[in-house]
>>> print(open('upload-v7.tsv').read())   # TSV, C-alpha atoms
chain	number	residue	atom	x	y	z
L	207	MET	CA	94.82	107.87	90.85
L	208	VAL	CA	95.78	104.63	92.58
L	209	LEU	CA	93.54	103.03	95.21
L	210	ARG	CA	93.73	99.75	97.07
L	211	ASN	CA	90.92	97.84	98.72
L	212	SER	CA	93.09	96.72	101.63
L	213	ILE	CA	95.70	98.37	103.79
L	214	SER	CA	99.26	97.11	103.82
L	215	VAL	CA	100.76	96.63	107.25
L	216	GLY	CA	104.13	97.13	105.63
L	217	VAL	CA	103.08	100.58	104.42
L	218	ILE	CA	101.88	101.53	107.90
L	219	ALA	CA	105.17	100.42	109.36
L	220	CYS	CA	106.84	103.13	107.32
L	221	LEU	CA	105.04	105.71	109.46
L	222	TRP	CA	107.27	105.01	112.48
L	223	LEU	CA	108.43	108.32	113.91
L	224	SER	CA	110.42	109.29	116.96
L	225	SER	CA	107.62	110.92	118.96
L	226	VAL	CA	103.84	111.01	119.41
L	227	PHE	CA	101.35	113.71	120.34
L	228	ALA	CA	100.43	114.39	123.96
L	229	GLU	CA	97.61	111.95	124.60
L	230	GLU	CA	94.30	113.81	124.68
L	231	LEU	CA	91.20	111.62	124.57
L	232	SER	CA	87.75	112.80	123.55
L	233	ILE	CA	84.97	110.98	125.45
L	234	HIS	CA	81.24	111.01	124.72
L	235	VAL	CA	78.77	109.20	127.00
L	236	MET	CA	76.23	107.09	125.10
L	237	GLY	CA	74.74	105.00	127.93
L	238	LEU	CA	74.90	104.75	131.73
L	239	PHE	CA	74.03	101.79	133.94
L	240	LYS	CA	75.02	100.48	137.35
L	241	ASN	CA	78.81	99.83	137.22
L	242	THR	CA	78.79	100.16	133.42
L	243	ALA	CA	79.24	103.04	130.99
L	244	ILE	CA	78.97	102.92	127.20
L	245	VAL	CA	81.13	105.63	125.69
L	246	GLU	CA	82.84	106.73	122.50
L	247	VAL	CA	86.57	107.30	122.92
L	248	ASN	CA	87.85	109.32	119.97
L	249	GLY	CA	84.96	107.99	117.90
L	250	VAL	CA	85.46	104.33	118.92
L	251	ALA	CA	82.66	102.69	120.93
L	252	ARG	CA	83.75	101.18	124.26
L	253	THR	CA	81.87	99.43	127.04
L	254	LEU	CA	83.55	100.31	130.35
L	255	LYS	CA	83.09	98.10	133.41
L	256	LYS	CA	83.79	99.26	136.96
L	257	GLY	CA	87.45	98.77	137.80
L	258	LYS	CA	88.38	97.79	134.24
L	259	THR	CA	90.64	99.76	131.91
L	260	SER	CA	89.98	100.37	128.21
L	261	PRO	CA	92.72	99.93	125.55
L	262	GLU	CA	93.16	103.71	125.63
L	263	GLY	CA	93.91	103.63	129.36
L	264	ILE	CA	90.56	104.91	130.72
L	265	THR	CA	89.38	103.25	133.95
L	266	LEU	CA	85.76	103.35	135.11
L	267	ILE	CA	85.73	104.24	138.81
L	268	SER	CA	81.95	104.18	139.28
L	269	ALA	CA	78.75	104.51	137.31
L	270	ASP	CA	75.00	104.65	137.79
L	271	ALA	CA	72.06	105.80	135.68
L	272	ARG	CA	72.95	109.48	136.23
L	273	LYS	CA	76.72	109.81	135.96
L	274	ALA	CA	80.05	108.06	135.55
L	275	GLU	CA	83.43	108.77	137.09
L	276	VAL	CA	86.41	107.88	134.93
L	277	GLU	CA	90.16	108.11	135.41
L	278	TYR	CA	92.94	108.60	132.88
L	279	ARG	CA	96.62	109.02	133.80
L	280	GLY	CA	95.76	109.75	137.42
L	281	LYS	CA	93.16	112.42	136.56
L	282	ARG	CA	89.44	111.91	137.17
L	283	MET	CA	86.34	113.36	135.52
L	284	ILE	CA	82.61	113.17	136.18
L	285	LEU	CA	80.49	112.69	133.05
L	286	LYS	CA	76.71	112.69	132.74
L	287	MET	CA	74.52	111.02	130.13
L	288	GLY	CA	75.03	112.58	126.70
L	289	SER	CA	77.92	114.74	127.83
L	290	SER	CA	81.35	114.96	126.25
L	291	GLY	CA	84.77	115.83	127.61
L	292	SER	CA	88.49	115.67	126.95
L	293	MET	CA	91.01	113.92	129.16
L	294	GLY	CA	94.77	113.98	129.00
L	295	LEU	CA	97.88	115.64	130.25
L	296	ASN	CA	96.06	118.95	130.76
L	297	THR	CA	92.91	117.62	132.42
L	298	ASN	CA	91.76	119.63	135.44
L	299	SER	CA	92.29	117.55	138.58
L	300	GLU	CA	89.17	119.05	140.15
L	301	ASN	CA	87.06	117.40	137.43
L	302	SER	CA	84.56	120.23	137.66
L	303	ALA	CA	84.28	120.55	133.87
L	304	PRO	CA	85.76	119.06	130.71
L	305	VAL	CA	89.01	120.67	129.58
L	306	GLU	CA	89.24	121.69	125.95
L	307	ALA	CA	92.32	120.20	124.33
L	308	LYS	CA	94.71	122.73	122.86
L	309	LYS	CA	95.32	120.46	119.88
L	310	LYS	CA	92.71	118.03	118.59
L	311	VAL	CA	94.06	114.51	118.26
L	312	LEU	CA	92.66	111.05	117.66
L	313	ASN	CA	94.31	107.98	119.20
L	314	LEU	CA	93.70	104.64	117.46
L	315	ILE	CA	94.57	101.12	118.60
L	316	ARG	CA	95.51	98.44	116.06
L	317	GLN	CA	92.68	95.93	115.70
L	318	PRO	CA	93.19	92.14	115.95
L	319	ASP	CA	93.25	91.92	112.13
L	320	GLY	CA	96.29	94.22	112.10
L	321	MET	CA	94.39	97.21	110.74
L	322	PHE	CA	93.42	100.60	112.16
L	323	SER	CA	89.68	101.28	112.05
L	324	VAL	CA	87.60	104.17	113.33
L	325	ARG	CA	83.95	105.14	113.25
L	326	GLY	CA	83.20	108.53	111.76
L	327	THR	CA	80.79	110.36	109.49
L	328	ILE	CA	80.51	111.32	105.83
L	329	ASN	CA	77.98	114.07	105.17
L	330	ASN	CA	76.67	113.47	108.73
L	331	THR	CA	76.04	109.76	108.05
L	332	THR	CA	77.87	107.25	110.24
L	333	VAL	CA	80.39	104.97	108.52
L	334	MET	CA	83.24	102.70	109.58
L	335	PHE	CA	86.58	103.80	108.14
L	336	LEU	CA	89.61	101.66	107.45
L	337	VAL	CA	92.66	103.91	107.76
L	338	ASP	CA	94.66	103.46	104.56
L	339	THR	CA	97.74	105.64	104.18
L	340	GLY	CA	98.37	104.03	100.80
L	341	ALA	CA	95.11	105.28	99.27
L	342	THR	CA	95.17	108.56	97.39
L	343	THR	CA	91.63	109.54	98.36
L	344	ILE	CA	88.72	108.41	100.47
L	345	ALA	CA	87.15	105.48	98.62
L	346	MET	CA	83.91	103.55	99.01
L	347	ASN	CA	81.81	101.11	97.01
L	348	HIS	CA	78.59	102.21	95.34
L	349	HIS	CA	76.41	100.48	97.96
L	350	THR	CA	77.89	102.66	100.71
L	351	ALA	CA	77.47	105.75	98.56
L	352	GLY	CA	73.81	104.89	98.10
L	353	ARG	CA	73.31	104.46	101.85
L	354	ILE	CA	74.89	107.85	102.50
L	355	GLY	CA	72.76	109.40	99.78
L	356	ILE	CA	75.55	110.47	97.44
L	357	PRO	CA	74.28	110.87	93.83
L	358	TYR	CA	77.68	109.87	92.51
L	359	ARG	CA	76.59	109.35	88.90
L	360	VAL	CA	75.13	112.87	88.84
L	361	ILE	CA	77.84	114.84	90.61
L	362	GLY	CA	80.83	112.59	89.95
L	363	ARG	CA	83.33	112.51	87.11
L	364	PRO	CA	83.75	109.01	85.56
L	365	ILE	CA	87.26	107.62	85.96
L	366	ASN	CA	89.06	104.29	85.98
L	367	VAL	CA	90.96	103.28	89.11
L	368	GLU	CA	93.42	100.52	89.86
L	369	THR	CA	92.44	98.20	92.70
L	370	ALA	CA	93.87	94.94	93.98
L	371	SER	CA	91.37	93.16	91.71
L	372	GLY	CA	92.30	95.15	88.62
L	373	ILE	CA	90.90	98.18	86.82
L	374	ALA	CA	87.46	99.31	87.99
L	375	ARG	CA	85.05	102.06	86.96
L	376	ALA	CA	84.64	104.80	89.52
L	377	TYR	CA	83.41	108.35	90.00
L	378	SER	CA	85.54	111.16	91.37
L	379	LEU	CA	83.65	113.67	93.52
L	380	ILE	CA	83.81	116.00	96.50
L	381	LEU	CA	82.28	115.11	99.88
L	382	ALA	CA	80.69	117.96	101.82
L	383	SER	CA	82.13	116.85	105.15
L	384	VAL	CA	84.21	114.05	106.70
L	385	ARG	CA	84.70	113.62	110.43
L	386	ILE	CA	86.53	111.23	112.77
L	387	GLY	CA	86.50	112.04	116.47
L	388	ASP	CA	87.03	115.80	116.79
L	389	LEU	CA	88.80	116.04	113.42
L	390	GLU	CA	86.62	117.34	110.59
L	391	LEU	CA	87.19	118.61	107.06
L	392	SER	CA	84.90	120.08	104.42
L	393	ASN	CA	85.09	119.56	100.66
L	394	VAL	CA	87.11	116.34	100.68
L	395	GLU	CA	88.04	114.49	97.48
L	396	ALA	CA	86.69	110.94	97.25
L	397	ALA	CA	85.98	108.13	94.80
L	398	VAL	CA	82.95	105.89	94.55
L	399	ILE	CA	83.88	102.55	92.98
L	400	GLU	CA	81.26	100.44	91.25
L	401	GLY	CA	81.20	96.95	92.74
L	402	GLU	CA	81.53	95.34	96.14
L	403	GLN	CA	84.98	96.67	96.95
L	404	PRO	CA	86.19	98.22	99.11
L	405	SER	CA	84.03	96.50	101.73
L	406	GLN	CA	84.91	99.27	104.21
L	407	VAL	CA	85.32	102.95	103.44
L	408	LEU	CA	89.02	103.66	102.96
L	409	LEU	CA	90.21	106.77	104.77
L	410	GLY	CA	92.87	107.92	102.35
L	411	ASN	CA	95.21	110.85	101.98
L	412	SER	CA	92.67	113.35	100.72
L	413	PHE	CA	91.74	113.45	104.43
L	414	LEU	CA	94.81	112.08	106.23
L	415	GLY	CA	97.14	114.34	104.26
L	416	LYS	CA	95.66	117.39	105.99
L	417	PHE	CA	96.71	116.06	109.41
L	418	LYS	CA	99.81	114.78	111.14
L	419	VAL	CA	99.83	110.98	111.32
L	420	GLU	CA	102.23	109.14	113.62
L	421	GLN	CA	102.48	105.53	114.72
L	422	ASP	CA	104.14	103.98	117.75
L	423	GLY	CA	103.75	100.22	117.82
L	424	ASP	CA	100.06	99.35	117.96
L	425	LYS	CA	98.98	102.97	118.41
L	426	MET	CA	98.35	105.49	115.67
L	427	VAL	CA	97.82	109.17	116.41
L	428	ILE	CA	96.13	111.53	113.97
L	429	GLY	CA	96.17	115.21	114.90
L	430	GLN	CA	96.25	118.79	113.77
L	431	ARG	CA	99.52	119.95	112.23
L	432	HIS	CA	99.47	123.29	114.05
>>> encode(input="upload-v7.tsv", output="structure tokens")
Amino acid sequence: MVLRNSISVGVIACLWLSSVFAEELSIHVMGLFKNTAIVEVNGVARTLKKGKTSPEGITLISADARKAEVEYRGKRMILKMGSSGSMGLNTNSENSAPVEAKKKVLNLIRQPDGMFSVRGTINNTTVMFLVDTGATTIAMNHHTAGRIGIPYRVIGRPINVETASGIARAYSLILASVRIGDLELSNVEAAVIEGEQPSQVLLGNSFLGKFKVEQDGDKMVIGQRH
């Protein structure tokens, strides 16, 4: 097993492909205020201001304490506090109800540090993932495992792994569930590494390998294969 504690931009560049998925965005409303909406777009927290457009292309038309009206690719939708919906090429122009995407996808935007990050959950506990296509499995340090409540020394198998800092002691185990956006898997292989690294949970190929991953410039799309 080979793991790295940082993602290589050069490795990501190798993911260039000729096409991307149809852009379907999953939106969850976390907070509503006058002319402001706090939402999660495919698991990434965004603060939308009236008349402004998010990196994903969502524009807030109006908002108050009860509801928000958003627009994406010329289609509009009304969302209430705590509600969720999908927007994209198949969104109903009447905006009467969210439209279920035929294929679940997650759109990510490259961060200023050159990496792709996304908030998700491990065993229903929120974590911040660093997407690492060069990592064999999901990997985290023992502090993160403790916060999640993973008894890695009890359920894990002791192994040695190669990191950027050298050989480290780790424990191989199976996570009950891993989720980013609308994409979720059960029984996912992972490694808990003793020490401070990796500082962020690496989302490796034990999860990514079950999905189709494509990149177009500063956008990465992760979606169902079928």
>>> closest_atom_pairs(input="upload-v7.tsv", of="range 272-375 of chain L", to="range 385-389 of chain L", cutoff="8 Å", atoms="all atoms listed in the file", output="JSON lines")
{"residue": "L:Lys310", "atom": "CA", "partner": "L:Asp388", "partner_atom": "CA", "distance": 6.4}
{"residue": "L:Val311", "atom": "CA", "partner": "L:Asp388", "partner_atom": "CA", "distance": 7.3}
{"residue": "L:Leu312", "atom": "CA", "partner": "L:Gly387", "partner_atom": "CA", "distance": 6.4}
{"residue": "L:Val324", "atom": "CA", "partner": "L:Ile386", "partner_atom": "CA", "distance": 7.2}
{"residue": "L:Arg325", "atom": "CA", "partner": "L:Ile386", "partner_atom": "CA", "distance": 6.6}
{"residue": "L:Gly326", "atom": "CA", "partner": "L:Ile386", "partner_atom": "CA", "distance": 4.4}
{"residue": "L:Thr327", "atom": "CA", "partner": "L:Arg385", "partner_atom": "CA", "distance": 5.2}
{"residue": "L:Ile328", "atom": "CA", "partner": "L:Arg385", "partner_atom": "CA", "distance": 6.6}
>>> closest_residue(input="upload-v7.tsv", among="L:Val250, L:Ala396, L:Leu285, L:Met293", to="Ala271 in chain L", atoms="only C-alpha atoms")
L:Leu285
>>> atom_distance(input="upload-v7.tsv", atom1="CA of Val394 in chain L", atom2="CA of His234 in chain L")
25.3 Å
>>> residues_near_point(input="upload-v7.tsv", point="(75.8, 101.0, 92.4)", cutoff="10 Å", atoms="only C-alpha atoms", output="number ranges by chain")
L: 347-352, 358-359, 398-402
>>> closest_residue(input="upload-v7.tsv", among="L:Ser268, L:Asn330, L:Gln421, L:Thr343", to="Ile356 in chain L", atoms="all atoms listed in the file")
L:Asn330
>>> closest_residue(input="upload-v7.tsv", among="L:Pro364, L:Gly372, L:Gly288, L:Pro261", to="Ile233 in chain L", atoms="all atoms listed in the file")
L:Gly288
>>> atom_distance(input="upload-v7.tsv", atom1="CA of Ala345 in chain L", atom2="CA of Ser371 in chain L")
14.7 Å
>>> residues_around(input="upload-v7.tsv", residues="range 314-318 of chain L", least_positions_apart="5", cutoff="10 Å", atoms="all atoms listed in the file", output="ChimeraX atom specification")
/L:247-250,261-262,323-324,337,421,423-428
>>> atom_distance(input="upload-v7.tsv", atom1="CA of Gly320 in chain L", atom2="CA of Leu408 in chain L")
15.0 Å
>>> residues_around(input="upload-v7.tsv", residues="Met236 in chain L", least_positions_apart="5", cutoff="10 Å", atoms="only C-alpha atoms", output="compact mmCIF listing (two decimals) with C-alpha atoms, in the frame of the given file")
# COMPACT_ATOMS: atom_id res chain seq x y z
CA ALA L 243 79.24 103.04 130.99
CA ILE L 244 78.97 102.92 127.20
CA VAL L 245 81.13 105.63 125.69
CA GLU L 246 82.84 106.73 122.50
CA ALA L 251 82.66 102.69 120.93
CA ARG L 252 83.75 101.18 124.26
CA THR L 253 81.87 99.43 127.04
CA LYS L 286 76.71 112.69 132.74
CA MET L 287 74.52 111.02 130.13
CA GLY L 288 75.03 112.58 126.70
CA SER L 289 77.92 114.74 127.83
CA SER L 290 81.35 114.96 126.25
>>> closest_residue(input="upload-v7.tsv", among="L:Ser383, L:Ile267, L:Lys256, L:Arg272", to="Leu238 in chain L", atoms="all atoms listed in the file")
L:Arg272
>>> closest_residue(input="upload-v7.tsv", among="L:Gly263, L:Ile284, L:Gln406, L:Gly257", to="Asn313 in chain L", atoms="all atoms listed in the file")
L:Gly263
>>> closest_residue(input="upload-v7.tsv", among="L:Gly355, L:Asp270, L:Leu336, L:Thr242", to="Lys258 in chain L", atoms="all atoms listed in the file")
L:Thr242
>>> residues_near_point(input="upload-v7.tsv", point="(82.1, 118.6, 101.0)", cutoff="6 Å", atoms="only C-alpha atoms", output="number ranges by chain")
L: 380-383, 392-394
>>> residues_around(input="upload-v7.tsv", residues="Glu277 in chain L", least_positions_apart="6", cutoff="7 Å", atoms="all atoms listed in the file", output="compact mmCIF listing (two decimals) with C-alpha atoms, keeping the file's coordinate frame")
# COMPACT_ATOMS: atom_id res chain seq x y z
CA ILE L 264 90.56 104.91 130.72
CA THR L 265 89.38 103.25 133.95
CA LEU L 266 85.76 103.35 135.11
CA ILE L 267 85.73 104.24 138.81
CA MET L 283 86.34 113.36 135.52
